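Below is one structure, written out as structure tokens; the observations come after it.
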Amino acid sequence: MNLDLHGQNVAIIGGGNGIGLAIAEEFYREGCHVALIDLDPATPETAEKVRQQSGTTETDSPRCEGWVTDITDESATHSTFQAIHHEWGDLRHVVIAAGIGSGRFGFPFWNMKPEDWRRVLDVNIMGVVHVAHACHAILQQKDFGSLTLLASVAGQIGSQTDPPYSAAKAAVINFGQCMAKDLAPFGIRVNTICPGMVQTQLNRSVWQAWNDQQPDSEKRSYEDWAGEKVSNVVPLQRWQTPQDIANLAVFLASSRGQNITGQTMNVDGGFVMHW
Ligand SMILES: NC(=O)c1ccc[n+]([C@@H]2O[C@H](COP(=O)([O-])OP(=O)(O)OC[C@H]3O[C@@H](n4cnc5c(N)ncnc54)[C@H](O)[C@@H]3O)[C@@H](O)[C@H]2O)c1
């Protein structure tokens, strides 16, 4: 399928690891110039690896560069987008994949303190707000483009595992719908992808928080804990992969998705079915 993305500039926030990195690699394979924005200090080296692994020759390689930025810092986020705009010109697609869990097991919610919510909300919703403010005017300079958000099935089902995480992801879904309406007159489509269970550092940290508070007799390996969860709650009985999410992210940005905006799409093996 020709996705017709070749040569377009894309920024992936949270592109340094996990799902964001898989999304960045997929855009790069489509011939996009990819800016990785991430808190991780290794992000410039990660960008270099994306370039090396692609198999493209030096002369026809698209650009892939890393910017180290914490999206909870409004001013730093704004400066990073201004720098990318200044150096690369227009930006056609932005994907916000950065996210964190609280690192605590929140069931029931009073196991956590209100203080445990702050950093999760700062990153998962205020970070998205900062990125949206930093990039909307740049995206509006052409009459087409896309903004894709990463939320979670946890934002749709009141998942008890990590209440601040679930609440922040519900807010992301809602803010995505607001932005879809605001940006539609400019030809910019906004959609939200909700992964189910993907083996990444973030997913592992959920197990770690659970395991840490179990008595020794109840402790389980990550593989056992997560494997049982997948077989209990995922009708297709399998993990989702970073590549599964990347496939949809690239499709949504492409002209093949030109009539899709304001949607929340689950890549979750059937975990959540609305009726
Ligand atoms: N893994 C899953 O099972 C799962 C399920 C549902 C939703 N998600 C969502 O998918 C997205 C990607 O998660 P992942 O599993 O790849 O996690 P991950 O931990 O592997 O990657 C997250 C990336 O975000 C970056 N990041 C964190 N805080 C940041 C900040 N303040 N500023 C800039 N970058 C920051 C991290 O450095 C990291 O590179 C997240 O939004 C997450 O909530 C993941």
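Residue numbering restarts at 1 in every chain; chains get A, B, ... in the order shown in the structure tokens, and ligands count up from 1 in that same order.
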Among the residues of range 101-178 of chain A, find those DSSP assigns to strand (DSSP E) from the backbone and print them as a compact mmCIF listing (two decimals) with C-alpha atoms, in the first residue's frame.
# COMPACT_ATOMS: atom_id res chain seq x y z
CA GLY A 145 -1.45 17.20 8.62
CA SER A 146 -2.12 15.01 11.62
CA LEU A 147 -1.72 14.81 15.36
CA THR A 148 -1.93 11.35 16.90
CA LEU A 149 -2.15 10.77 20.63
CA LEU A 150 -1.40 7.62 22.60
### Task
Would you mind listing what lies within 12 Å of Gly158 in chain A as a count of residues only, with only C-alpha atoms counted and same-chain residues fewer than 3 positions away left out?
19
Mind listing the residues within 6 Å of ligand 1, only C-alpha atoms and all ligand atoms counted, as a ChimeraX atom specification? /A:14-20,38-40,69-72,97-100,123,150-152,194-203
Could you save the residues just selected, with N, CA and C atoms, as a compact mmCIF listing (two decimals), in the first residue's frame?
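Wrote it out as out13.txt, contents follow:
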# COMPACT_ATOMS: atom_id res chain seq x y z
N GLY A 14 8.31 11.00 22.87
CA GLY A 14 8.41 9.68 23.49
C GLY A 14 8.98 8.69 22.50
N GLY A 15 9.68 9.20 21.50
CA GLY A 15 10.23 8.35 20.43
C GLY A 15 11.53 7.66 20.81
N GLY A 16 11.99 7.86 22.05
CA GLY A 16 13.27 7.28 22.44
C GLY A 16 13.22 5.81 22.78
N ASN A 17 12.05 5.29 23.07
CA ASN A 17 11.93 3.89 23.53
C ASN A 17 10.54 3.35 23.18
N GLY A 18 10.41 2.03 23.37
CA GLY A 18 9.11 1.38 23.36
C GLY A 18 8.27 1.65 22.11
N ILE A 19 7.00 1.94 22.35
CA ILE A 19 6.05 2.10 21.25
C ILE A 19 6.41 3.31 20.40
N GLY A 20 6.82 4.41 21.05
CA GLY A 20 7.18 5.62 20.29
C GLY A 20 8.33 5.36 19.34
N ASP A 38 12.40 13.29 23.33
CA ASP A 38 12.25 12.40 24.50
C ASP A 38 13.11 12.93 25.64
N LEU A 39 12.67 12.60 26.83
CA LEU A 39 13.40 12.90 28.06
C LEU A 39 14.72 12.13 28.14
N ASP A 40 14.75 10.96 27.53
CA ASP A 40 15.90 10.05 27.64
C ASP A 40 17.14 10.69 27.02
N THR A 69 14.16 16.46 25.55
CA THR A 69 13.22 17.46 26.10
C THR A 69 12.26 16.78 27.06
N ASP A 70 12.01 17.44 28.16
CA ASP A 70 10.98 16.97 29.11
C ASP A 70 9.71 17.74 28.80
N ILE A 71 8.67 17.04 28.38
CA ILE A 71 7.45 17.75 27.95
C ILE A 71 6.64 18.31 29.12
N THR A 72 7.06 18.07 30.36
CA THR A 72 6.40 18.76 31.47
C THR A 72 6.89 20.21 31.56
N ALA A 97 3.63 10.00 22.07
CA ALA A 97 3.64 8.66 22.68
C ALA A 97 4.23 8.66 24.08
N ALA A 98 4.78 9.80 24.53
CA ALA A 98 5.39 9.83 25.86
C ALA A 98 4.34 9.53 26.92
N GLY A 99 4.72 8.75 27.89
CA GLY A 99 3.77 8.47 28.98
C GLY A 99 4.48 7.74 30.10
N ILE A 100 3.93 7.87 31.31
CA ILE A 100 4.47 7.14 32.46
C ILE A 100 3.33 6.58 33.30
N VAL A 123 2.95 14.59 33.26
CA VAL A 123 3.49 14.03 32.02
C VAL A 123 2.35 13.66 31.06
N LEU A 150 -1.36 8.97 22.04
CA LEU A 150 -1.40 7.62 22.60
C LEU A 150 -2.08 7.70 23.96
N ALA A 151 -3.25 7.08 24.07
CA ALA A 151 -3.90 6.99 25.39
C ALA A 151 -3.78 5.54 25.84
N SER A 152 -4.86 4.93 26.25
CA SER A 152 -4.80 3.54 26.73
C SER A 152 -6.22 3.04 26.90
N CYS A 194 -5.38 3.68 21.43
CA CYS A 194 -5.32 3.06 22.76
C CYS A 194 -4.75 1.66 22.66
N PRO A 195 -3.49 1.48 23.04
CA PRO A 195 -2.95 0.12 23.07
C PRO A 195 -3.56 -0.66 24.24
N GLY A 196 -3.48 -2.00 24.12
CA GLY A 196 -3.93 -2.86 25.22
C GLY A 196 -2.74 -3.24 26.08
N MET A 197 -2.10 -4.36 25.78
CA MET A 197 -0.96 -4.86 26.59
C MET A 197 0.25 -5.02 25.68
N VAL A 198 1.24 -4.18 25.88
CA VAL A 198 2.45 -4.18 25.05
C VAL A 198 3.66 -4.34 25.98
N GLN A 199 4.54 -5.27 25.66
CA GLN A 199 5.70 -5.51 26.54
C GLN A 199 6.74 -4.40 26.36
N THR A 200 6.66 -3.43 27.26
CA THR A 200 7.62 -2.32 27.27
C THR A 200 8.01 -2.07 28.72
N GLN A 201 8.91 -1.14 28.91
CA GLN A 201 9.33 -0.78 30.26
C GLN A 201 8.13 -0.31 31.09
N LEU A 202 7.25 0.44 30.46
CA LEU A 202 6.08 0.96 31.19
C LEU A 202 5.19 -0.19 31.68
N ASN A 203 4.94 -1.15 30.79
CA ASN A 203 4.09 -2.28 31.15
C ASN A 203 4.74 -3.09 32.28
Margin query: Using only C-alpha atoms, which protein or nucleic acid residues come within 12 Å of Ala22 in chain A? Drop anything in the same chain fewer than 2 positions from it, and give the result as a PyMOL selection string.
Written below: chain A and resi 12-20+24-29+34+36+46-47+50+95+97+198+200+241-250
Output of the above residues as a JSON list (two decimals), in the first residue's frame, restricted to N, CA and C atoms:
[["chain", "number", "residue", "atom", "x", "y", "z"],
["A", 12, "ILE", "N", 8.03, 12.67, 16.76],
["A", 12, "ILE", "CA", 7.49, 11.64, 17.65],
["A", 12, "ILE", "C", 7.95, 11.96, 19.07],
["A", 13, "ILE", "N", 7.00, 12.31, 19.93],
["A", 13, "ILE", "CA", 7.35, 12.61, 21.32],
["A", 13, "ILE", "C", 7.25, 11.30, 22.11],
["A", 14, "GLY", "N", 8.31, 11.00, 22.87],
["A", 14, "GLY", "CA", 8.41, 9.68, 23.49],
["A", 14, "GLY", "C", 8.98, 8.69, 22.50],
["A", 15, "GLY", "N", 9.68, 9.20, 21.50],
["A", 15, "GLY", "CA", 10.23, 8.35, 20.43],
["A", 15, "GLY", "C", 11.53, 7.66, 20.81],
["A", 16, "GLY", "N", 11.99, 7.86, 22.05],
["A", 16, "GLY", "CA", 13.27, 7.28, 22.44],
["A", 16, "GLY", "C", 13.22, 5.81, 22.78],
["A", 17, "ASN", "N", 12.05, 5.29, 23.07],
["A", 17, "ASN", "CA", 11.93, 3.89, 23.53],
["A", 17, "ASN", "C", 10.54, 3.35, 23.18],
["A", 18, "GLY", "N", 10.41, 2.03, 23.37],
["A", 18, "GLY", "CA", 9.11, 1.38, 23.36],
["A", 18, "GLY", "C", 8.27, 1.65, 22.11],
["A", 19, "ILE", "N", 7.00, 1.94, 22.35],
["A", 19, "ILE", "CA", 6.05, 2.10, 21.25],
["A", 19, "ILE", "C", 6.41, 3.31, 20.40],
["A", 20, "GLY", "N", 6.82, 4.41, 21.05],
["A", 20, "GLY", "CA", 7.18, 5.62, 20.29],
["A", 20, "GLY", "C", 8.33, 5.36, 19.34],
["A", 24, "ALA", "N", 8.42, 5.68, 15.31],
["A", 24, "ALA", "CA", 9.44, 6.47, 14.60],
["A", 24, "ALA", "C", 10.09, 5.64, 13.49],
["A", 25, "GLU", "N", 10.42, 4.38, 13.80],
["A", 25, "GLU", "CA", 11.08, 3.52, 12.81],
["A", 25, "GLU", "C", 10.17, 3.28, 11.60],
["A", 26, "GLU", "N", 8.87, 3.13, 11.88],
["A", 26, "GLU", "CA", 7.94, 2.86, 10.77],
["A", 26, "GLU", "C", 7.79, 4.09, 9.87],
["A", 27, "PHE", "N", 7.70, 5.29, 10.48],
["A", 27, "PHE", "CA", 7.66, 6.50, 9.65],
["A", 27, "PHE", "C", 8.95, 6.63, 8.85],
["A", 28, "TYR", "N", 10.06, 6.28, 9.48],
["A", 28, "TYR", "CA", 11.35, 6.40, 8.78],
["A", 28, "TYR", "C", 11.40, 5.45, 7.58],
["A", 29, "ARG", "N", 10.89, 4.22, 7.79],
["A", 29, "ARG", "CA", 10.85, 3.27, 6.66],
["A", 29, "ARG", "C", 9.98, 3.78, 5.53],
["A", 34, "VAL", "N", 12.35, 12.18, 10.47],
["A", 34, "VAL", "CA", 11.76, 11.92, 11.79],
["A", 34, "VAL", "C", 12.56, 12.60, 12.90],
["A", 36, "LEU", "N", 12.95, 12.72, 16.83],
["A", 36, "LEU", "CA", 12.61, 12.04, 18.09],
["A", 36, "LEU", "C", 12.75, 13.05, 19.22],
["A", 46, "THR", "N", 19.89, 7.14, 19.83],
["A", 46, "THR", "CA", 18.80, 6.29, 19.33],
["A", 46, "THR", "C", 18.45, 6.70, 17.89],
["A", 47, "ALA", "N", 18.41, 8.00, 17.66],
["A", 47, "ALA", "CA", 18.11, 8.50, 16.31],
["A", 47, "ALA", "C", 19.18, 8.01, 15.32],
["A", 50, "VAL", "N", 18.47, 4.46, 14.42],
["A", 50, "VAL", "CA", 17.35, 4.35, 13.47],
["A", 50, "VAL", "C", 17.89, 4.56, 12.04],
["A", 95, "VAL", "N", 3.21, 12.83, 16.65],
["A", 95, "VAL", "CA", 2.67, 11.71, 17.44],
["A", 95, "VAL", "C", 3.16, 11.88, 18.87],
["A", 97, "ALA", "N", 3.63, 10.00, 22.07],
["A", 97, "ALA", "CA", 3.64, 8.66, 22.68],
["A", 97, "ALA", "C", 4.23, 8.66, 24.08],
["A", 198, "VAL", "N", 1.24, -4.18, 25.88],
["A", 198, "VAL", "CA", 2.45, -4.18, 25.05],
["A", 198, "VAL", "C", 3.66, -4.34, 25.98],
["A", 200, "THR", "N", 6.66, -3.43, 27.26],
["A", 200, "THR", "CA", 7.62, -2.32, 27.27],
["A", 200, "THR", "C", 8.01, -2.07, 28.72],
["A", 241, "THR", "N", 1.97, -5.72, 20.01],
["A", 241, "THR", "CA", 3.39, -5.39, 19.85],
["A", 241, "THR", "C", 3.53, -3.91, 19.51],
["A", 242, "PRO", "N", 4.71, -3.35, 19.79],
["A", 242, "PRO", "CA", 4.93, -1.95, 19.36],
["A", 242, "PRO", "C", 4.67, -1.78, 17.86],
["A", 243, "GLN", "N", 4.99, -2.81, 17.08],
["A", 243, "GLN", "CA", 4.77, -2.72, 15.63],
["A", 243, "GLN", "C", 3.27, -2.63, 15.30],
["A", 244, "ASP", "N", 2.42, -3.34, 16.06],
["A", 244, "ASP", "CA", 0.97, -3.24, 15.84],
["A", 244, "ASP", "C", 0.51, -1.79, 15.96],
["A", 245, "ILE", "N", 1.05, -1.09, 16.97],
["A", 245, "ILE", "CA", 0.63, 0.29, 17.20],
["A", 245, "ILE", "C", 1.21, 1.19, 16.10],
["A", 246, "ALA", "N", 2.46, 0.91, 15.73],
["A", 246, "ALA", "CA", 3.12, 1.71, 14.69],
["A", 246, "ALA", "C", 2.36, 1.61, 13.36],
["A", 247, "ASN", "N", 1.87, 0.42, 13.04],
["A", 247, "ASN", "CA", 1.14, 0.25, 11.77],
["A", 247, "ASN", "C", -0.05, 1.20, 11.68],
["A", 248, "LEU", "N", -0.80, 1.30, 12.79],
["A", 248, "LEU", "CA", -1.98, 2.17, 12.77],
["A", 248, "LEU", "C", -1.56, 3.65, 12.78],
["A", 249, "ALA", "N", -0.51, 3.97, 13.54],
["A", 249, "ALA", "CA", -0.08, 5.39, 13.63],
["A", 249, "ALA", "C", 0.30, 5.92, 12.24],
["A", 250, "VAL", "N", 1.02, 5.11, 11.49],
["A", 250, "VAL", "CA", 1.48, 5.55, 10.16],
["A", 250, "VAL", "C", 0.28, 5.63, 9.20]]
Check range 10-227 of chain A with DSSP on the backbone and list each residue it calls alpha helix (DSSP H), as a PyMOL selection string.
-> chain A and resi 18-29+43-53+74-88+118-121+127-139+163-183+201-212+222-227
Requested in this report: Show which residues sit within 8 Å of Ser254 in chain A, as a VMD selection string. Count only C-alpha atoms, and ignore same-chain residues fewer than 4 positions away.
Outcome: chain A and resid 3 to 5 250 258
Dump N, CA and C atoms for the selected residues as a tab-separated table (two decimals), in the first residue's frame?
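Output (result_28.tsv):
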chain	number	residue	atom	x	y	z
A	3	LEU	N	1.57	4.69	1.02
A	3	LEU	CA	1.03	5.62	2.02
A	3	LEU	C	1.35	7.07	1.69
A	4	ASP	N	2.19	7.27	0.69
A	4	ASP	CA	2.42	8.62	0.18
A	4	ASP	C	2.93	9.58	1.25
A	5	LEU	N	3.81	9.08	2.11
A	5	LEU	CA	4.33	9.92	3.20
A	5	LEU	C	5.75	10.38	2.93
A	250	VAL	N	1.02	5.11	11.49
A	250	VAL	CA	1.48	5.55	10.16
A	250	VAL	C	0.28	5.63	9.20
A	258	GLN	N	-7.52	9.91	5.30
A	258	GLN	CA	-7.90	11.32	5.16
A	258	GLN	C	-9.30	11.66	5.68
Env of Asn259 in chain A: 12 Å cut, atoms = only C-alpha atoms, seq-sep filter 6 positions within chain, self excluded. Answer as a CSV table (one decimal) with C-alpha atoms, in the first residue's frame.
chain,number,residue,atom,x,y,z
A,144,PHE,CA,-3.1,19.0,5.8
A,146,SER,CA,-2.1,15.0,11.6
A,180,ALA,CA,-10.0,17.3,16.3
A,184,ALA,CA,-10.5,20.2,11.3
A,187,GLY,CA,-7.2,20.1,7.4
A,188,ILE,CA,-5.4,18.7,10.5
A,189,ARG,CA,-6.8,15.4,11.7
A,190,VAL,CA,-6.5,14.3,15.4
A,191,ASN,CA,-6.9,10.7,16.5
A,251,PHE,CA,-1.8,4.7,8.4
A,252,LEU,CA,-3.7,7.4,10.4
A,253,ALA,CA,-1.1,10.0,9.3
message: If we count only C-alpha atoms and set the cut-off at 8 Å, which residues sit around Val131 in chain A, ignoring sequence neighbours fewer than 3 positions away in its own chain? Please answer as number ranges by chain.
response: A: 71, 74, 77-78, 96, 127-128, 134-135
Identify, on the basis of only C-alpha atoms, every residue whose closest approach to range 206-223 of chain A does not exceed 7 Å; exclude the query and any residue fewer than 4 positions from it along the same chain; express the result as a ChimeraX atom specification. /A:103-105,202,227
May I ask for the distance between CA of Leu121 in chain A and CA of Glu65 in chain A, given in Å to one decimal place?
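Distance reported for this atom pair: 27.7 Å.
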Take CA of Ala35 in chain A and CA of Asn9 in chain A and report the distance between them in Å, one decimal.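 Computing it gives 7.7 Å between the two atoms.
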